[in-house]
Amino acid sequence: MYRGYKNRNAHLDKLDQTPPQFLSISKVALANQDFRDIDSEEALREVYDYLALKNALLERVIRARKTHHTHFFSENLDYGHQHYLDSLSGQKFIVIRALERLERRTAEVLYEKRKWFKWVRECQDTEEAQRDNEKKKVKQEAALFKRHEKEVKLHMQELRAKEDSRRQDAELEKAYYERMGHLEKEKVEEDWDPIEELVEGERSTYVDLIRHFLFLAHVASDGSSASVTGSNGQDKPGPQPGADSNAISESTTRPAKPKKKQPKPQARKEIRDKPARDVPDKSAHESAADIRKRLREGMELAYAGGIHMAGTLDAPAELKDKTAPIPDTEIDHLLDELAEIKLLLFCRLLLSHATLLPAALKAASVDEFLLDKDVTDTDLRDLCLKMDSPGLQEIRDACADLSRGEEEADEEDDPTEDEDDGEISKGDRKNESLGLSRKLRSNIPEKWSSEREKRLKKQDQVPEAGTDKLGNLSQRTMIDFGDINDDGKFQSRKMRVRICGKHIYNYRSEKAISRGGWLHFSILAKDSGLHKAIELCRNWDEFWELNILSIFQYFPAANWLVWKGDRRRQQLLQLGLIPYFEFGGAEEASFKHQTGSRGHQYRRAHAVTEYRNFMCLHIKRNDAASRRFCQYLTLQSRQVVTLIRDVKTGQILYKPPEGPDGQYWLSRTKSGLGRASKNEYEVTSEVGPKFFETIDKHRDWHFSFKDYYDIYVWDLLPGQHFSWLYSTVHDTMLKALRCCDMKDMYKQAAPIMKTIHRDPDTFRPRDAKAGEETLWDLVQRSKSQFIDTKTQTVAEDQLEYLFYSEADALEDYILFPDEHLEGDTVYRPHANALEKLARKGPDMLRFIQDLDTDEETDSSGEENELSDGDDECDHLGANDGEDFKAHFKAIMDRSHSATSSDDDTPSSDESSQSEDGDEPKYKDSDIISLLKGANLEDKKDLAVLKGWNHPSLWERRLKGGVNPREEFMTFLDREKSRFFKESWHAADLTPNAQAMYTEAQQIVKQMEKHNFSTGPFKWTHDLRFLGIHPDTNRRVVPDMEQARAMMTLFFPSDFLDSSHGEAFKDSLLLKQAERASLGPPKIRSHTSTKFRPRSFWADWDDIQQKKDFELRKIPRDWDNTVRPIIAKLYREGVIGEAHVPYPPGQAIAATEPDRDPDLYFDFRVLEKEITFPSSVEQNPPTKEKLILKAQTYAMNHSNARFALLRLWSAAHFYPLMLGLDRRSMISFSDIDMPCSELSIHNQSRMRLQPHQRLLGRNVLCSRDMFLVMGDDEADLLKFATATTFAIQTAPWRLEVDLWRSFVNVDLRFLEGLMEKWME
């Protein structure tokens, strides 16, 4: 030992004295040398050989010194040896780092000369970035060998015994050495070196561990072949080395050595007779026999806390304690595949190890690789450390590699990746850029992503090695790649390489692996839970199959049943709801304590703490059932509060309303003196970004994909038992899945259950073969019933309300009309006009540019997403948006048309918009100049404006006479009315309502054009009559034009004979006598709750008085009638979610005489609460009074003509807003609201009040009807036009319903309308 140590030290010193030329002349220390100055391959190879030899010598010198120190020096004394060892270790570290930098420089040189692939460089970068320091590796090595401590000690004792024996033998054989001569004696002793044997012993340990990890058996002593331990315990031929590989000598655990002189016979005999040692303490890693035993006998199952049921379809009683045994034939197949997976795992580790990759590429088998002299002990140690505890991701990749073929298609991107559900329109982006977008203050942002999600998004992907074909191999660590095109570019980004005789792709698979791959994974990672496996899934479908298979105990893993939890959680998992966090202790945690009272000796004191239960769930994204579930859950607002987030985009898709009465709190408390009702709550926890982040940090697992929704749902009432929240979520999902009976509860898992068969003997679920009964077949042939637990008989109530019914189908047809179409099924809240207005507010750019709602902004090419593109939701004038200036411009153009060419005529766009801020200055002189080109009739009309001094809107603005706030509120009223009307008309359930409204609007539009062509300034007389100047506001003239067109339809004119009205000759709207004879549509009456007879509510009162009364048990036919109507009103925004546990109105179905069943609300509980001020007229005129008034008027005017105008209203509500910012259950005035007749009557009166002096004698208002009287047709046209204008102008929400109005009729016609049309 001592001689060998001295010889190696001398060799090391001599090596230091004769460095390569580059190192000898370089002034840079080796520790800082980057070898940038070397451009020659020969020089690089020379330096590499020198450093490699020096590294090997340093390794042996260090080992010899440590061994010598252990043998001959006390463990407590150092004598300076440790300082010397530290110096040698420092030199070795410098040499190793220099070798790595030299390899990188070699790669660069080869790349520059041969355009070498950069993937090797990337591997080296990755390895360097992740490399641990030498001390950390030493610690890992010590941990690896700690469990082998006893065998190591035994080995050291054997070495020491051999030393002692050698000393004794030296004396006995002294004569032999004297005869052989002194020189021969020294040569023989020098040939044997215990340090070399020690090094080889450690190497053999690494090799034994690797072979154990890979299920490789020891090779026969003759070295004839390598073998793999088969699943049946016999050896099977393994991969053979290539023809040019070195023959396997004495042991596969020993590297090839140059031939040396044999030591003395006694030493030779000791080496030969030494028994082969087993790998130390390999119990931490299962052998093939251990796995066979585990699979054959089963494993003890681990369960989560809670209630579990045995004897069910998914959990047979026979498998309640242990996993099902697997037959030997199947185990044989599994073990063969596991051995293959372990080999693939080993190859993938080699692929990521840049220094070992050359040797792995050359080797034709694992044995040949382990015999390669270029594979150092340190490299083998690193491999052992990695194979000792591979990560779950590496195991998953190896399982995926097993099923990959020779040619693998490129992995397709997720088709939904390009979706931009949060796309912002161009107009909105422009408003945001100008600072005009209305952003309401909110605790819940529009988008939110957790810090973990942000880190994953920012994290750069690790570059994948390998881009082209492999070429020939050069020597040692310098790899030569070829097959590059003329441009120096790679032919393919991905490729297969051959490592240790095994073909493997140089990148890991990002595709979902099959259930067979997860079966292998569950066996290899037996101590892991399903939570960890789920984090490795690539998409929802892969996770879903894994989830269902684990519930049915498909995998022989002891800990995987913990995932399904108790019975309650399992039911949600089977339905597709994945809970990941919940709190169910609100009932126990909530309390209320109050002491003292009036007259008591102590003051009142109170302490109240309230908690709400909550659940956090995941559900599949872009799925029809998921979309329905999200929609249904938001409608359960009287029981739960819901917030929905799209994880893929980060958008908050739905959140409850905010404000003083917001429902975001989860716990709150108040305490103090006095009454508890007078004290305010202090919120201690609430739903918000902080809550989201806290939940994300404390949850047990996460998905690695983003194709799902994140749903937060919590109780509306505090202190509830958790079962209420659970039942709401569970029952809502049953409806979303459209489960019609108990069998359908398995419908979500049916595609997987149809492929699983349960063995009748072992009860083990396995893949079904052709003709075998599947779990789904078992479900279909079974019978399900609810049993009364008290009587143990079939229950009378089979809980039919839990399952999907005809009413649900009718409701779905309204809520999801496009569901039958294929394509996008991403959940989005219903985007009705009111929701858009509430979310985005008015278009501020229009207000800044002084445009009306019908005029276009600068981005005129864009479609306004708040409108459907037609003019149905507003008036359809001859020149929409034209103001006073535009009308005069138009008449001037017309007067010059005879002398001007067509090219000189300005376009309608030019005439309909004023230039940027130019003030229109039309005075008497301007009017006179325009009259010169007008015809006689126009001159008479325009003369009405002469001398009418009224400052224009622009002048009033400049002089400060216009309040900016009032001007903005006027603009806001006009904007809101646009969306209100769109929503109202869409929610009108009167038969054929939308078609009739569209027809009326089209006729009025054409009549406006006709009026403009015949008498464009007739409106001047109407405005002069009402005393409203055209410059009062920009909508005055268009409103008057529209009102005049609506009335002139029913007065003699040539409209129907003109090109404008020819298409409407057969319109029923213009045939008043025929329309009156048909009667109004058969819809419910407009009688409110207060004025209905008690007999109307008799059926409903009888149902309420039953002992077992529950709202969910109301008659089925009521559901079929009521719910589709409510769905329609909700979809259009008329009805909204009300987070009120006990709403004041109850929806019922009832029937009025001569009418079909319809929706009614019972608001009788509010009759005493609703009061009106004294200014409100309490007794509106009846229809009899209207007729009497008309008869009296006709007696005094022989040519009297009448018009009965009706306000437009829907079948179930009046167009009266209850408050958009405080929307609860109903957004607009419901007809059943107590005293709704008084509300609409007083609103109608208010429209006439500004003009009462002019209209009071000729117009009488009753509820939503207006009786207009005129001395003759001309007089009636004047008053009817003025009345229509007063109704429909600012704030532009009320409209005259022409289909229920009758204009220019006599008294006899009017009296005939009394019975049907004046109800």
# chains A, B, ... in the order shown; residues from 1 in each chain; ligands from 1

call {"tool": "residues_around", "arguments": {"residues": "Glu286 (chain A)", "least_positions_apart": "6", "cutoff": "12 Å", "atoms": "only C-alpha atoms", "output": "list in words"}}
result
Leu209, His212, Phe213, Leu214, Phe215, Arg292, Lys293, Arg294, Leu335, Leu338, Ala339, Asp388, Ile523, Leu524, Ala525, Lys526 and Asp527 of chain A

call {"tool": "atom_distance", "arguments": {"atom1": "CA of Glu446 (chain A)", "atom2": "CA of His698 (chain A)"}}
result
23.6 Å

call {"tool": "residues_around", "arguments": {"residues": "region 1270-1277 of chain A", "least_positions_apart": "4", "cutoff": "12 Å", "atoms": "only C-alpha atoms", "output": "PDB file with N, CA and C atoms, in the first residue's frame"}}
result
ATOM      1  N   LYS A1018     -92.868  69.652 -42.027  1.00  0.00           N
ATOM      2  CA  LYS A1018     -94.157  69.687 -41.366  1.00  0.00           C
ATOM      3  C   LYS A1018     -94.017  69.622 -39.851  1.00  0.00           C
ATOM      4  N   TRP A1019     -92.904  69.074 -39.410  1.00  0.00           N
ATOM      5  CA  TRP A1019     -92.679  68.970 -37.974  1.00  0.00           C
ATOM      6  C   TRP A1019     -92.536  70.325 -37.291  1.00  0.00           C
ATOM      7  N   HIS A1021     -94.528  72.773 -37.444  1.00  0.00           N
ATOM      8  CA  HIS A1021     -95.815  73.160 -36.866  1.00  0.00           C
ATOM      9  C   HIS A1021     -96.050  72.445 -35.546  1.00  0.00           C
ATOM     10  N   ASP A1022     -95.664  71.190 -35.464  1.00  0.00           N
ATOM     11  CA  ASP A1022     -95.873  70.436 -34.226  1.00  0.00           C
ATOM     12  C   ASP A1022     -95.000  70.956 -33.099  1.00  0.00           C
ATOM     13  N   PHE A1025     -96.378  74.244 -31.958  1.00  0.00           N
ATOM     14  CA  PHE A1025     -97.585  74.047 -31.159  1.00  0.00           C
ATOM     15  C   PHE A1025     -97.229  73.717 -29.708  1.00  0.00           C
ATOM     16  N   ALA A1043     -92.844  60.588 -34.303  1.00  0.00           N
ATOM     17  CA  ALA A1043     -94.212  60.672 -33.791  1.00  0.00           C
ATOM     18  C   ALA A1043     -95.190  61.037 -34.906  1.00  0.00           C
ATOM     19  N   ARG A1044     -94.782  61.982 -35.763  1.00  0.00           N
ATOM     20  CA  ARG A1044     -95.673  62.382 -36.854  1.00  0.00           C
ATOM     21  C   ARG A1044     -95.874  61.225 -37.842  1.00  0.00           C
ATOM     22  N   ALA A1045     -94.806  60.480 -38.131  1.00  0.00           N
ATOM     23  CA  ALA A1045     -94.926  59.349 -39.058  1.00  0.00           C
ATOM     24  C   ALA A1045     -95.838  58.275 -38.492  1.00  0.00           C
ATOM     25  N   MET A1046     -95.785  58.029 -37.179  1.00  0.00           N
ATOM     26  CA  MET A1046     -96.627  57.008 -36.571  1.00  0.00           C
ATOM     27  C   MET A1046     -98.108  57.361 -36.669  1.00  0.00           C
ATOM     28  N   MET A1047     -98.422  58.633 -36.561  1.00  0.00           N
ATOM     29  CA  MET A1047     -99.821  59.042 -36.611  1.00  0.00           C
ATOM     30  C   MET A1047    -100.320  59.198 -38.048  1.00  0.00           C
ATOM     31  N   THR A1048     -99.526  59.749 -38.949  1.00  0.00           N
ATOM     32  CA  THR A1048     -99.983  59.964 -40.327  1.00  0.00           C
ATOM     33  C   THR A1048    -100.235  58.655 -41.067  1.00  0.00           C
ATOM     34  N   LEU A1049     -99.760  57.545 -40.512  1.00  0.00           N
ATOM     35  CA  LEU A1049    -100.066  56.249 -41.117  1.00  0.00           C
ATOM     36  C   LEU A1049    -101.570  56.020 -41.219  1.00  0.00           C
ATOM     37  N   PHE A1050    -102.326  56.589 -40.281  1.00  0.00           N
ATOM     38  CA  PHE A1050    -103.758  56.298 -40.199  1.00  0.00           C
ATOM     39  C   PHE A1050    -104.618  57.454 -40.700  1.00  0.00           C
ATOM     40  N   PHE A1051    -103.976  58.402 -41.413  1.00  0.00           N
ATOM     41  CA  PHE A1051    -104.714  59.514 -42.011  1.00  0.00           C
ATOM     42  C   PHE A1051    -104.576  59.410 -43.524  1.00  0.00           C
ATOM     43  N   PRO A1052    -105.536  59.959 -44.240  1.00  0.00           N
ATOM     44  CA  PRO A1052    -105.488  59.860 -45.706  1.00  0.00           C
ATOM     45  C   PRO A1052    -104.185  60.408 -46.280  1.00  0.00           C
ATOM     46  N   ALA A1190    -115.584  60.528 -24.293  1.00  0.00           N
ATOM     47  CA  ALA A1190    -115.633  60.590 -25.752  1.00  0.00           C
ATOM     48  C   ALA A1190    -117.044  60.911 -26.236  1.00  0.00           C
ATOM     49  N   TYR A1193    -117.686  64.558 -25.737  1.00  0.00           N
ATOM     50  CA  TYR A1193    -116.943  65.364 -26.709  1.00  0.00           C
ATOM     51  C   TYR A1193    -117.611  65.287 -28.088  1.00  0.00           C
ATOM     52  N   ALA A1194    -118.098  64.119 -28.463  1.00  0.00           N
ATOM     53  CA  ALA A1194    -118.728  63.955 -29.771  1.00  0.00           C
ATOM     54  C   ALA A1194    -120.031  64.734 -29.863  1.00  0.00           C
ATOM     55  N   MET A1195    -120.707  64.879 -28.747  1.00  0.00           N
ATOM     56  CA  MET A1195    -121.947  65.655 -28.761  1.00  0.00           C
ATOM     57  C   MET A1195    -121.676  67.124 -29.061  1.00  0.00           C
ATOM     58  N   ASN A1196    -120.525  67.618 -28.669  1.00  0.00           N
ATOM     59  CA  ASN A1196    -120.201  69.029 -28.888  1.00  0.00           C
ATOM     60  C   ASN A1196    -119.475  69.282 -30.190  1.00  0.00           C
ATOM     61  N   HIS A1197    -118.982  68.207 -30.853  1.00  0.00           N
ATOM     62  CA  HIS A1197    -118.238  68.366 -32.099  1.00  0.00           C
ATOM     63  C   HIS A1197    -118.741  67.316 -33.074  1.00  0.00           C
ATOM     64  N   SER A1198    -119.431  67.778 -34.079  1.00  0.00           N
ATOM     65  CA  SER A1198    -120.067  66.843 -35.005  1.00  0.00           C
ATOM     66  C   SER A1198    -119.072  66.037 -35.826  1.00  0.00           C
ATOM     67  N   ASN A1199    -117.911  66.578 -36.091  1.00  0.00           N
ATOM     68  CA  ASN A1199    -116.894  65.874 -36.889  1.00  0.00           C
ATOM     69  C   ASN A1199    -115.773  65.307 -36.013  1.00  0.00           C
ATOM     70  N   ALA A1200    -116.091  65.032 -34.789  1.00  0.00           N
ATOM     71  CA  ALA A1200    -115.053  64.590 -33.846  1.00  0.00           C
ATOM     72  C   ALA A1200    -114.423  63.264 -34.300  1.00  0.00           C
ATOM     73  N   ARG A1201    -113.113  63.227 -34.137  1.00  0.00           N
ATOM     74  CA  ARG A1201    -112.351  62.007 -34.415  1.00  0.00           C
ATOM     75  C   ARG A1201    -111.535  61.677 -33.160  1.00  0.00           C
ATOM     76  N   PHE A1202    -111.258  60.365 -33.002  1.00  0.00           N
ATOM     77  CA  PHE A1202    -110.625  59.914 -31.768  1.00  0.00           C
ATOM     78  C   PHE A1202    -109.421  58.998 -32.077  1.00  0.00           C
ATOM     79  N   ALA A1203    -108.541  58.958 -31.115  1.00  0.00           N
ATOM     80  CA  ALA A1203    -107.413  58.018 -31.162  1.00  0.00           C
ATOM     81  C   ALA A1203    -107.261  57.401 -29.776  1.00  0.00           C
ATOM     82  N   LEU A1204    -107.192  56.072 -29.724  1.00  0.00           N
ATOM     83  CA  LEU A1204    -106.930  55.356 -28.473  1.00  0.00           C
ATOM     84  C   LEU A1204    -105.497  54.810 -28.547  1.00  0.00           C
ATOM     85  N   LEU A1255    -102.634  70.101 -23.852  1.00  0.00           N
ATOM     86  CA  LEU A1255    -103.247  68.811 -24.150  1.00  0.00           C
ATOM     87  C   LEU A1255    -104.345  68.418 -23.182  1.00  0.00           C
ATOM     88  N   ARG A1257    -107.297  69.397 -22.346  1.00  0.00           N
ATOM     89  CA  ARG A1257    -108.704  69.338 -22.761  1.00  0.00           C
ATOM     90  C   ARG A1257    -108.950  68.211 -23.748  1.00  0.00           C
ATOM     91  N   ASN A1258    -107.948  67.853 -24.526  1.00  0.00           N
ATOM     92  CA  ASN A1258    -108.136  66.891 -25.602  1.00  0.00           C
ATOM     93  C   ASN A1258    -107.544  65.511 -25.312  1.00  0.00           C
ATOM     94  N   VAL A1259    -106.847  65.331 -24.229  1.00  0.00           N
ATOM     95  CA  VAL A1259    -106.193  64.057 -23.930  1.00  0.00           C
ATOM     96  C   VAL A1259    -106.562  63.639 -22.521  1.00  0.00           C
ATOM     97  N   THR A1281    -100.194  63.572 -32.636  1.00  0.00           N
ATOM     98  CA  THR A1281     -98.748  63.676 -32.833  1.00  0.00           C
ATOM     99  C   THR A1281     -98.076  64.247 -31.598  1.00  0.00           C
ATOM    100  N   ALA A1282     -98.668  65.282 -31.028  1.00  0.00           N
ATOM    101  CA  ALA A1282     -98.091  65.899 -29.829  1.00  0.00           C
ATOM    102  C   ALA A1282     -98.090  64.911 -28.664  1.00  0.00           C
ATOM    103  N   THR A1283     -99.172  64.133 -28.523  1.00  0.00           N
ATOM    104  CA  THR A1283     -99.233  63.152 -27.429  1.00  0.00           C
ATOM    105  C   THR A1283     -98.187  62.056 -27.622  1.00  0.00           C
ATOM    106  N   THR A1284     -98.071  61.564 -28.842  1.00  0.00           N
ATOM    107  CA  THR A1284     -97.071  60.525 -29.114  1.00  0.00           C
ATOM    108  C   THR A1284     -95.670  61.039 -28.844  1.00  0.00           C
ATOM    109  N   PHE A1285     -95.403  62.276 -29.261  1.00  0.00           N
ATOM    110  CA  PHE A1285     -94.092  62.874 -29.001  1.00  0.00           C
ATOM    111  C   PHE A1285     -93.828  62.970 -27.510  1.00  0.00           C
ATOM    112  N   VAL A1303    -106.243  54.772 -34.313  1.00  0.00           N
ATOM    113  CA  VAL A1303    -106.100  56.205 -34.579  1.00  0.00           C
ATOM    114  C   VAL A1303    -107.077  56.612 -35.686  1.00  0.00           C
ATOM    115  N   ASN A1304    -107.617  57.833 -35.514  1.00  0.00           N
ATOM    116  CA  ASN A1304    -108.527  58.418 -36.507  1.00  0.00           C
ATOM    117  C   ASN A1304    -109.768  57.547 -36.680  1.00  0.00           C
ATOM    118  N   VAL A1305    -110.440  57.253 -35.549  1.00  0.00           N
ATOM    119  CA  VAL A1305    -111.674  56.474 -35.570  1.00  0.00           C
ATOM    120  C   VAL A1305    -112.807  57.334 -35.022  1.00  0.00           C
ATOM    121  N   ASP A1306    -114.054  56.934 -35.317  1.00  0.00           N
ATOM    122  CA  ASP A1306    -115.209  57.679 -34.814  1.00  0.00           C
ATOM    123  C   ASP A1306    -115.674  57.090 -33.492  1.00  0.00           C
ATOM    124  N   LEU A1307    -116.729  57.680 -32.944  1.00  0.00           N
ATOM    125  CA  LEU A1307    -117.207  57.258 -31.628  1.00  0.00           C
ATOM    126  C   LEU A1307    -117.754  55.842 -31.663  1.00  0.00           C
TER     127      LEU A1307
END

call {"tool": "residues_around", "arguments": {"residues": "Lys620 (chain A)", "least_positions_apart": "6", "cutoff": "12 Å", "atoms": "only C-alpha atoms", "output": "JSON, numbers by chain"}}
result
{"A": [539, 540, 541, 542, 543, 544, 573, 575, 576, 577, 578, 626, 627, 628, 629, 630, 645, 646, 647, 648, 703, 705, 706, 707, 708, 709, 710, 711, 748, 825, 826, 827]}

call {"tool": "residues_around", "arguments": {"residues": "region 296-306 of chain A", "least_positions_apart": "2", "cutoff": "8 Å", "atoms": "only C-alpha atoms", "output": "PyMOL selection string"}}
result
chain A and resi 292-294+308+320-328+331+556-567

call {"tool": "write_last_selection", "arguments": {"atoms": "N, CA and C atoms", "output": "PDB file, in the first residue's frame"}}
result
ATOM      1  N   ARG A 292     -43.883  -9.529  -7.520  1.00  0.00           N
ATOM      2  CA  ARG A 292     -44.772 -10.661  -7.786  1.00  0.00           C
ATOM      3  C   ARG A 292     -45.580 -11.008  -6.536  1.00  0.00           C
ATOM      4  N   LYS A 293     -44.937 -11.042  -5.412  1.00  0.00           N
ATOM      5  CA  LYS A 293     -45.627 -11.381  -4.174  1.00  0.00           C
ATOM      6  C   LYS A 293     -46.668 -10.321  -3.821  1.00  0.00           C
ATOM      7  N   ARG A 294     -46.315  -9.064  -3.996  1.00  0.00           N
ATOM      8  CA  ARG A 294     -47.249  -7.982  -3.679  1.00  0.00           C
ATOM      9  C   ARG A 294     -48.489  -8.027  -4.567  1.00  0.00           C
ATOM     10  N   HIS A 308     -67.588   5.297   4.657  1.00  0.00           N
ATOM     11  CA  HIS A 308     -67.314   4.481   3.487  1.00  0.00           C
ATOM     12  C   HIS A 308     -68.322   3.340   3.433  1.00  0.00           C
ATOM     13  N   LYS A 320     -62.706  -4.815   0.592  1.00  0.00           N
ATOM     14  CA  LYS A 320     -62.722  -3.682   1.524  1.00  0.00           C
ATOM     15  C   LYS A 320     -61.422  -3.551   2.317  1.00  0.00           C
ATOM     16  N   ASP A 321     -60.625  -4.632   2.375  1.00  0.00           N
ATOM     17  CA  ASP A 321     -59.396  -4.594   3.174  1.00  0.00           C
ATOM     18  C   ASP A 321     -58.131  -4.590   2.319  1.00  0.00           C
ATOM     19  N   LYS A 322     -58.139  -5.364   1.228  1.00  0.00           N
ATOM     20  CA  LYS A 322     -56.925  -5.517   0.426  1.00  0.00           C
ATOM     21  C   LYS A 322     -57.268  -5.361  -1.044  1.00  0.00           C
ATOM     22  N   THR A 323     -56.226  -5.025  -1.812  1.00  0.00           N
ATOM     23  CA  THR A 323     -56.410  -4.956  -3.250  1.00  0.00           C
ATOM     24  C   THR A 323     -56.630  -6.357  -3.811  1.00  0.00           C
ATOM     25  N   ALA A 324     -57.269  -6.438  -4.942  1.00  0.00           N
ATOM     26  CA  ALA A 324     -57.566  -7.726  -5.542  1.00  0.00           C
ATOM     27  C   ALA A 324     -56.297  -8.391  -6.044  1.00  0.00           C
ATOM     28  N   PRO A 325     -56.156  -9.714  -5.877  1.00  0.00           N
ATOM     29  CA  PRO A 325     -54.970 -10.410  -6.390  1.00  0.00           C
ATOM     30  C   PRO A 325     -54.985 -10.470  -7.914  1.00  0.00           C
ATOM     31  N   ILE A 326     -53.780 -10.536  -8.486  1.00  0.00           N
ATOM     32  CA  ILE A 326     -53.625 -10.596  -9.934  1.00  0.00           C
ATOM     33  C   ILE A 326     -53.107 -11.979 -10.304  1.00  0.00           C
ATOM     34  N   PRO A 327     -53.632 -12.604 -11.349  1.00  0.00           N
ATOM     35  CA  PRO A 327     -53.162 -13.951 -11.741  1.00  0.00           C
ATOM     36  C   PRO A 327     -51.701 -13.934 -12.166  1.00  0.00           C
ATOM     37  N   ASP A 328     -51.040 -15.102 -12.022  1.00  0.00           N
ATOM     38  CA  ASP A 328     -49.618 -15.204 -12.350  1.00  0.00           C
ATOM     39  C   ASP A 328     -49.342 -14.902 -13.813  1.00  0.00           C
ATOM     40  N   ILE A 331     -49.225 -11.317 -14.137  1.00  0.00           N
ATOM     41  CA  ILE A 331     -48.045 -10.782 -13.441  1.00  0.00           C
ATOM     42  C   ILE A 331     -46.802 -10.974 -14.293  1.00  0.00           C
ATOM     43  N   PRO A 556     -53.659  -1.574  -8.506  1.00  0.00           N
ATOM     44  CA  PRO A 556     -53.251  -2.291  -7.290  1.00  0.00           C
ATOM     45  C   PRO A 556     -52.327  -1.437  -6.427  1.00  0.00           C
ATOM     46  N   ALA A 557     -52.822  -0.288  -6.005  1.00  0.00           N
ATOM     47  CA  ALA A 557     -52.027   0.635  -5.193  1.00  0.00           C
ATOM     48  C   ALA A 557     -52.759   0.872  -3.881  1.00  0.00           C
ATOM     49  N   ALA A 558     -52.032   0.784  -2.781  1.00  0.00           N
ATOM     50  CA  ALA A 558     -52.665   0.847  -1.465  1.00  0.00           C
ATOM     51  C   ALA A 558     -53.173   2.243  -1.142  1.00  0.00           C
ATOM     52  N   ASN A 559     -52.467   3.279  -1.597  1.00  0.00           N
ATOM     53  CA  ASN A 559     -52.786   4.640  -1.175  1.00  0.00           C
ATOM     54  C   ASN A 559     -53.696   5.379  -2.144  1.00  0.00           C
ATOM     55  N   TRP A 560     -54.024   4.784  -3.267  1.00  0.00           N
ATOM     56  CA  TRP A 560     -54.759   5.540  -4.275  1.00  0.00           C
ATOM     57  C   TRP A 560     -56.238   5.689  -3.942  1.00  0.00           C
ATOM     58  N   LEU A 561     -56.758   4.877  -3.035  1.00  0.00           N
ATOM     59  CA  LEU A 561     -58.155   5.036  -2.633  1.00  0.00           C
ATOM     60  C   LEU A 561     -58.356   6.226  -1.717  1.00  0.00           C
ATOM     61  N   VAL A 562     -57.269   6.773  -1.175  1.00  0.00           N
ATOM     62  CA  VAL A 562     -57.394   7.968  -0.334  1.00  0.00           C
ATOM     63  C   VAL A 562     -57.963   9.120  -1.160  1.00  0.00           C
ATOM     64  N   TRP A 563     -57.687   9.116  -2.447  1.00  0.00           N
ATOM     65  CA  TRP A 563     -58.150  10.187  -3.331  1.00  0.00           C
ATOM     66  C   TRP A 563     -59.667  10.316  -3.326  1.00  0.00           C
ATOM     67  N   LYS A 564     -60.379   9.200  -3.388  1.00  0.00           N
ATOM     68  CA  LYS A 564     -61.836   9.289  -3.524  1.00  0.00           C
ATOM     69  C   LYS A 564     -62.513   9.692  -2.216  1.00  0.00           C
ATOM     70  N   GLY A 565     -61.785   9.688  -1.101  1.00  0.00           N
ATOM     71  CA  GLY A 565     -62.330  10.180   0.150  1.00  0.00           C
ATOM     72  C   GLY A 565     -63.524   9.387   0.634  1.00  0.00           C
ATOM     73  N   ASP A 566     -64.432  10.081   1.325  1.00  0.00           N
ATOM     74  CA  ASP A 566     -65.609   9.416   1.848  1.00  0.00           C
ATOM     75  C   ASP A 566     -66.671   9.299   0.762  1.00  0.00           C
ATOM     76  N   ARG A 567     -67.820   8.749   1.153  1.00  0.00           N
ATOM     77  CA  ARG A 567     -68.878   8.494   0.175  1.00  0.00           C
ATOM     78  C   ARG A 567     -69.386   9.776  -0.455  1.00  0.00           C
TER      79      ARG A 567
END

call {"tool": "closest_residue", "arguments": {"among": "A:Ala1150, A:Val1176, A:Asn992, A:Leu945", "to": "Ala1210 (chain A)", "atoms": "only C-alpha atoms"}}
result
A:Asn992
